[in-house]
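What follows is the content of coords-v4.tsv (TSV, C-alpha atoms).
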chain	number	residue	atom	x	y	z
T	1	MET	CA	88.71	6.32	-122.82
T	2	LYS	CA	92.44	7.16	-123.05
T	3	GLN	CA	91.88	10.30	-120.98
T	4	ALA	CA	90.08	8.28	-118.30
T	5	ILE	CA	92.94	5.78	-118.07
T	6	LEU	CA	95.50	8.59	-117.85
T	7	GLY	CA	93.47	10.23	-115.11
T	8	ALA	CA	93.36	6.98	-113.15
T	9	VAL	CA	97.14	6.56	-113.40
T	10	VAL	CA	97.73	10.08	-112.16
T	11	ALA	CA	95.29	9.50	-109.29
T	12	LEU	CA	97.14	6.33	-108.25
T	13	LEU	CA	100.54	8.08	-108.35
T	14	PRO	CA	99.99	11.45	-106.68
T	15	GLY	CA	103.69	11.91	-106.03
T	16	LEU	CA	104.66	11.55	-109.67
T	17	ALA	CA	105.81	14.78	-111.30
T	18	LEU	CA	106.92	15.26	-114.86
T	19	ALA	CA	110.49	16.54	-115.01
T	20	ASP	CA	111.01	19.92	-116.66
T	21	PRO	CA	113.20	19.82	-119.75
T	22	ALA	CA	116.82	20.72	-119.12
T	23	PRO	CA	117.39	24.42	-119.83
T	24	ALA	CA	119.34	25.16	-122.95
T	25	ALA	CA	122.80	26.65	-122.54
T	26	ALA	CA	122.61	30.44	-122.47
T	27	GLN	CA	123.70	31.97	-125.74
T	28	PRO	CA	124.91	35.56	-126.06
T	29	ALA	CA	122.41	37.93	-127.61
T	30	THR	CA	125.32	39.54	-129.43
T	31	ILE	CA	126.48	37.30	-132.26
T	32	VAL	CA	130.13	37.71	-133.20
T	33	ASP	CA	130.93	36.44	-136.71
T	34	ASP	CA	134.15	34.49	-136.12
T	35	GLN	CA	136.34	35.02	-139.19
T	36	ARG	CA	139.73	34.34	-137.62
T	37	PRO	CA	142.33	32.71	-139.87
T	38	PRO	CA	142.42	28.92	-139.34
T	39	ILE	CA	146.02	29.08	-138.07
T	40	GLU	CA	144.91	31.09	-135.03
T	41	ARG	CA	142.63	28.21	-133.97
T	42	THR	CA	145.48	25.71	-133.62
T	43	SER	CA	148.02	25.27	-130.81
T	44	LYS	CA	151.70	25.12	-131.70
T	45	LEU	CA	155.16	25.64	-130.23
T	46	LEU	CA	156.51	28.23	-132.65
T	47	SER	CA	160.18	27.25	-132.46
T	48	VAL	CA	162.52	24.89	-130.62
T	49	TRP	CA	165.62	26.68	-131.93
T	50	MET	CA	167.10	28.70	-129.04
T	51	TRP	CA	168.30	31.57	-131.22
T	52	SER	CA	164.98	32.02	-132.98
T	53	CYS	CA	162.88	35.02	-131.93
T	54	SER	CA	159.96	32.60	-131.50
T	55	TYR	CA	161.84	30.14	-129.28
T	56	GLY	CA	159.74	28.96	-126.34
T	57	VAL	CA	156.58	30.77	-127.53
T	58	LEU	CA	153.39	28.71	-127.53
T	59	ARG	CA	150.38	29.69	-129.63
T	60	VAL	CA	147.23	28.63	-127.78
T	61	GLY	CA	144.44	27.50	-130.09
T	62	ASP	CA	140.80	26.58	-129.57
T	63	GLN	CA	141.45	23.27	-127.82
T	64	GLY	CA	140.51	24.73	-124.43
T	65	PRO	CA	137.32	24.20	-122.42
T	66	PHE	CA	135.56	27.36	-123.56
T	67	ASP	CA	134.95	29.33	-126.76
T	68	ARG	CA	136.72	32.71	-126.94
T	69	SER	CA	134.37	34.24	-129.52
T	70	GLU	CA	131.32	33.17	-127.49
T	71	ALA	CA	132.88	34.55	-124.29
T	72	LEU	CA	133.51	37.80	-126.15
T	73	GLY	CA	129.86	37.95	-127.19
T	74	HIS	CA	128.77	37.52	-123.56
T	75	ASP	CA	131.16	40.24	-122.37
T	76	LEU	CA	129.94	42.65	-125.07
T	77	ASP	CA	126.35	41.91	-124.04
T	78	GLN	CA	127.13	42.75	-120.45
T	79	ALA	CA	128.87	46.00	-121.38
T	80	PHE	CA	126.68	47.42	-124.14
T	81	GLY	CA	123.40	45.54	-124.44
T	82	ALA	CA	121.07	47.37	-126.81
T	83	ARG	CA	123.83	49.69	-128.02
T	84	LEU	CA	125.04	46.87	-130.27
T	85	ALA	CA	121.64	46.32	-131.91
T	86	GLY	CA	121.92	46.63	-135.69
T	87	HIS	CA	125.74	46.60	-135.73
T	88	ARG	CA	127.70	43.91	-137.58
T	89	LEU	CA	130.53	42.44	-135.51
T	90	VAL	CA	133.26	40.44	-137.25
T	91	LEU	CA	136.12	38.90	-135.27
T	92	ARG	CA	139.20	39.18	-137.49
T	93	HIS	CA	141.81	38.08	-134.95
T	94	TYR	CA	141.91	36.72	-131.41
T	95	THR	CA	145.38	35.37	-130.72
T	96	MET	CA	146.67	33.93	-127.48
T	97	TYR	CA	150.34	33.19	-126.79
T	98	VAL	CA	152.31	31.94	-123.81
T	99	ASN	CA	155.82	33.35	-123.91
T	100	GLY	CA	158.07	30.85	-122.16
T	101	ARG	CA	161.19	32.45	-123.61
T	102	ALA	CA	162.04	34.43	-120.46
T	103	ALA	CA	161.74	31.37	-118.25
T	104	GLU	CA	163.70	29.25	-120.72
T	105	THR	CA	166.40	31.91	-120.95
T	106	ALA	CA	166.68	32.10	-117.17
T	107	ALA	CA	166.91	28.32	-116.94
T	108	SER	CA	169.66	28.27	-119.54
T	109	TRP	CA	171.69	30.62	-117.30
T	110	GLY	CA	170.86	28.54	-114.23
T	111	ALA	CA	169.29	31.47	-112.39
T	112	GLY	CA	166.04	33.34	-111.89
T	113	LEU	CA	165.11	36.19	-114.22
T	114	THR	CA	164.35	39.70	-113.04
T	115	TYR	CA	161.91	41.51	-115.28
T	116	GLY	CA	161.76	45.00	-113.80
T	117	VAL	CA	164.81	46.41	-115.59
T	118	GLY	CA	165.59	47.02	-119.19
T	119	GLY	CA	162.60	46.91	-121.51
T	120	ALA	CA	160.96	43.79	-122.84
T	121	VAL	CA	161.89	40.40	-121.53
T	122	GLY	CA	162.05	37.91	-124.35
T	123	ALA	CA	160.98	40.53	-126.85
T	124	ALA	CA	162.83	43.73	-127.53
T	125	SER	CA	165.74	44.69	-125.31
T	126	GLY	CA	166.53	41.74	-123.07
T	127	ALA	CA	166.80	41.57	-119.30
T	128	GLU	CA	169.27	41.00	-116.52
T	129	VAL	CA	169.61	37.50	-115.12
T	130	ALA	CA	169.62	37.75	-111.34
T	131	GLY	CA	172.72	36.37	-109.68
T	132	SER	CA	174.61	35.81	-112.91
T	133	GLY	CA	176.34	39.18	-113.15
T	134	ARG	CA	175.50	39.08	-116.87
T	135	ALA	CA	172.70	40.38	-119.03
T	136	HIS	CA	170.98	38.45	-121.74
T	137	LYS	CA	170.15	40.53	-124.82
T	138	SER	CA	167.37	39.21	-127.01
T	139	SER	CA	167.65	41.50	-130.06
T	140	CYS	CA	164.13	40.40	-131.03
T	141	PRO	CA	161.79	43.31	-131.67
T	142	ALA	CA	158.10	42.55	-131.86
T	143	SER	CA	158.20	43.02	-135.63
T	144	LYS	CA	160.45	39.93	-135.91
T	145	MET	CA	158.24	37.72	-133.76
T	146	GLU	CA	155.28	35.74	-135.02
T	147	GLY	CA	153.51	36.59	-131.77
T	148	GLY	CA	153.88	36.74	-128.03
T	149	SER	CA	155.94	39.91	-127.60
T	150	PHE	CA	155.54	41.94	-124.41
T	151	ASP	CA	157.16	44.69	-122.40
T	152	ALA	CA	158.42	44.31	-118.85
T	153	SER	CA	156.09	47.10	-117.73
T	154	GLU	CA	153.13	44.84	-118.64
T	155	LEU	CA	154.13	42.12	-116.16
T	156	THR	CA	153.13	41.69	-112.53
T	157	THR	CA	155.00	38.41	-111.87
T	158	PRO	CA	158.26	36.98	-113.27
T	159	PHE	CA	156.53	33.98	-114.81
T	160	SER	CA	155.75	33.08	-118.43
T	161	PRO	CA	153.00	35.53	-119.45
T	162	TYR	CA	149.90	35.05	-121.58
T	163	ILE	CA	149.57	37.62	-124.36
T	164	ALA	CA	146.17	38.17	-126.00
T	165	GLU	CA	145.40	40.41	-128.96
T	166	ILE	CA	141.96	41.07	-130.47
T	167	GLU	CA	140.82	42.78	-133.65
T	168	LEU	CA	137.07	43.22	-134.03
T	169	ASP	CA	135.39	44.92	-137.00
T	170	VAL	CA	132.31	46.93	-136.07
T	171	ASP	CA	130.44	47.85	-139.26
T	172	GLY	CA	133.78	47.61	-141.07
T	173	GLN	CA	135.70	49.75	-138.56
T	174	PRO	CA	138.54	47.87	-136.84
T	175	VAL	CA	138.77	48.06	-133.05
T	176	LYS	CA	141.86	46.53	-131.44
T	177	ALA	CA	142.81	45.53	-127.91
T	178	ARG	CA	145.70	43.81	-126.19
T	179	ALA	CA	146.28	42.36	-122.74
T	180	VAL	CA	149.09	40.60	-120.89
T	181	TYR	CA	148.28	38.31	-117.98
T	182	SER	CA	150.98	37.23	-115.52
T	183	PRO	CA	150.26	33.83	-113.93
T	184	PRO	CA	151.27	32.90	-110.38
T	185	ARG	CA	153.58	30.16	-111.67
T	186	ASN	CA	155.31	29.24	-114.90
T	187	VAL	CA	153.49	27.19	-117.50
T	188	SER	CA	155.02	23.72	-117.35
T	189	ASP	CA	157.88	22.66	-119.58
T	190	GLY	CA	155.66	19.80	-120.72
T	191	SER	CA	153.04	22.21	-122.03
T	192	ILE	CA	155.59	24.36	-123.83
T	193	THR	CA	157.40	21.45	-125.49
T	194	SER	CA	154.23	19.51	-126.36
T	195	GLY	CA	152.66	22.57	-127.96
T	196	VAL	CA	149.42	22.45	-125.92
T	197	LEU	CA	148.37	23.47	-122.40
T	198	LEU	CA	148.15	20.36	-120.24
T	199	SER	CA	146.78	21.37	-116.83
T	200	GLY	CA	143.57	22.84	-115.51
T	201	ASP	CA	145.47	25.72	-113.90
T	202	GLU	CA	147.01	26.65	-117.24
T	203	TRP	CA	143.58	26.73	-118.91
T	204	ASN	CA	142.27	28.82	-116.00
T	205	TRP	CA	145.09	31.29	-116.58
T	206	GLU	CA	144.12	31.44	-120.24
T	207	GLN	CA	140.55	32.24	-119.18
T	208	ALA	CA	141.87	35.04	-116.96
T	209	ALA	CA	143.83	36.41	-119.93
T	210	VAL	CA	140.67	36.26	-122.07
T	211	ALA	CA	138.70	38.19	-119.45
T	212	LYS	CA	141.42	40.84	-119.30
T	213	ALA	CA	141.60	41.13	-123.10
T	214	ASP	CA	137.81	41.32	-123.44
T	215	ALA	CA	137.74	44.11	-120.85
T	216	ALA	CA	140.36	46.02	-122.85
T	217	LEU	CA	138.28	45.61	-126.02
T	218	VAL	CA	135.13	46.81	-124.21
T	219	GLU	CA	137.03	49.93	-123.16
T	220	ALA	CA	138.28	50.57	-126.71
T	221	LEU	CA	134.87	49.88	-128.28
T	222	GLY	CA	133.11	52.19	-125.84
T	223	LYS	CA	135.10	55.10	-127.27
T	224	VAL	CA	133.85	54.60	-130.85
T	225	LEU	CA	130.43	52.96	-130.49
T	226	PRO	CA	127.52	55.37	-131.03
T	227	PRO	CA	125.27	55.84	-128.01
T	228	ALA	CA	122.03	53.91	-127.87
T	229	PRO	CA	119.04	55.79	-129.32
T	230	PRO	CA	116.81	57.34	-126.65
T	231	ALA	CA	113.89	55.24	-125.55
T	232	ALA	CA	110.59	56.23	-127.10
T	233	ALA	CA	108.30	58.18	-124.80
T	234	ALA	CA	105.39	56.22	-123.43
T	235	THR	CA	102.08	56.96	-125.15
T	236	PRO	CA	99.64	58.48	-122.67
T	237	PRO	CA	96.37	56.61	-122.20
T	238	PRO	CA	93.41	58.00	-124.12
T	239	THR	CA	91.32	60.59	-122.32
T	240	PRO	CA	87.95	59.08	-121.38
Hey, can you dump this file as structure tokens for me?
Amino acid sequence: MKQAILGAVVALLPGLALADPAPAAAQPATIVDDQRPPIERTSKLLSVWMWSCSYGVLRVGDQGPFDRSEALGHDLDQAFGARLAGHRLVLRHYTMYVNGRAAETAASWGAGLTYGVGGAVGAASGAEVAGSGRAHKSSCPASKMEGGSFDASELTTPFSPYIAEIELDVDGQPVKARAVYSPPRNVSDGSITSGVLLSGDEWNWEQAAVAKADAALVEALGKVLPPAPPAAAATPPPTP
């Protein structure tokens, strides 16, 4: 009886179609065990003291619109596929910093900052301030910074760079990668002082830095990852 009623309803409404369920969000086949320290997941302006080595450096946490560890899993899938089968991947570190120190230093001199001369800007050896006739010396080697150090040779624009560093354990063997992304404009003063990225462009630049860092890790991992086992030969059909 119920089937007959259902059939009559369908006959009366020929244009009715049952909607397909919404597809689930694609998940990476490669699962990365995210064991980063909790501090790396939080955003923070490291120092407001001008003479600190961490002045103007923003740590970017997990408050953005996408998951770094999940993005890493997708990128590893794309690069290696079955080569990762059976391997244990543990993410020990994935840090992201925006180093606004160079821009802040230039602003304090009232001039733009050239970054092509003299080692690391805002990190190791300082840089010349264009138009000032003077040079600012940072005296802050990377070893004295909590994070966000870079060398001038790593930059492609004079604006506050994003610095990403990854450490991934593969079956207990650490594999490390680093990338510096130069945005087309400075990160805003509001983002630096508030301790969190505030605009869509700034989050897009972070995503570009993540893509560059993941690519560097893929390159490093490809040098140590064993090749995939050869595919088994197809079994010939039985002879009739």
Write out as a list of chain:residue names the residues lying within 6 Å of stretch 96-101 of chain T, counting all atoms listed in the file and excluding same-chain residues fewer than 5 positions away.
-> T:Gly56, T:Val57, T:Leu58, T:Arg59, T:Val60, T:Gly122, T:Gly148, T:Ser160, T:Pro161, T:Tyr162, T:Ile163, T:Ala164
Restricting the calculation to all atoms listed in the file, which member of T:Asp189, T:Asp34, T:Asp214, T:Glu219 is positioned closest to T:Leu72?
->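 Closest candidate: T:Asp214.
Taking atom CA of T:Phe150 and atom CA of T:Glu40 as the two end points, the separation is 18.5 Å.
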What does the distance from atom CA of T:Ser149 to atom CA of T:Ser182 come to in Å, to one decimal?
-> 13.3 Å
Counting only C-alpha atoms, which of T:Arg185, T:Lys144, T:Lys212, T:Lys176 gets nearest to T:Pro158?
->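 Nearest to T:Pro158: T:Arg185.
What separates atom CA of T:Pro38 from atom CA of T:Gly61 is a distance of 9.6 Å.
Compared by their closest atoms to T:Leu76, and using only C-alpha atoms, the residues T:Leu45, T:Val32, T:Val90, T:Val196 rank with T:Val32 nearest.
Shortest separation to T:Asp75 among T:Ile31, T:Leu198, T:Cys140, T:Met145 occurs at residue T:Ile31, atoms counted being all atoms listed in the file.
Residue nearest T:Ala215, chosen from T:Asp33, T:Asp151, T:Glu165, T:Glu146 and counting all atoms listed in the file: T:Glu165.
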Nearest to T:Trp49 by atom-to-atom distance, counting all atoms listed in the file, from T:Gln78, T:Thr193, T:Gln35, T:Thr156 =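 Nearest candidate to T:Trp49 out of T:Gln78, T:Thr193, T:Gln35, T:Thr156: T:Thr193.
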List every protein, DNA or RNA residue that has at least one atom no more than 8 Å from (156.0, 22.1, -133.2) in the file's coordinates, counting only C-alpha atoms, and write the result as number ranges by chain.
-> T: 44-48, 193-195
Protein/DNA/RNA residues near (138.8, 33.0, -122.7), cut 9 Å, only C-alpha atoms, as an MDAnalysis selection string | chainID T and resid 64:72 203:214
Centre and size of axis-aligned box enclosing stretch 86-105 of chain T plus 8 Å each side, as lines of an AutoDock Vina configuration file:
center_x = 144.2
center_y = 37.9
center_z = -127.9
size_x = 60.5
size_y = 33.4
size_z = 35.3
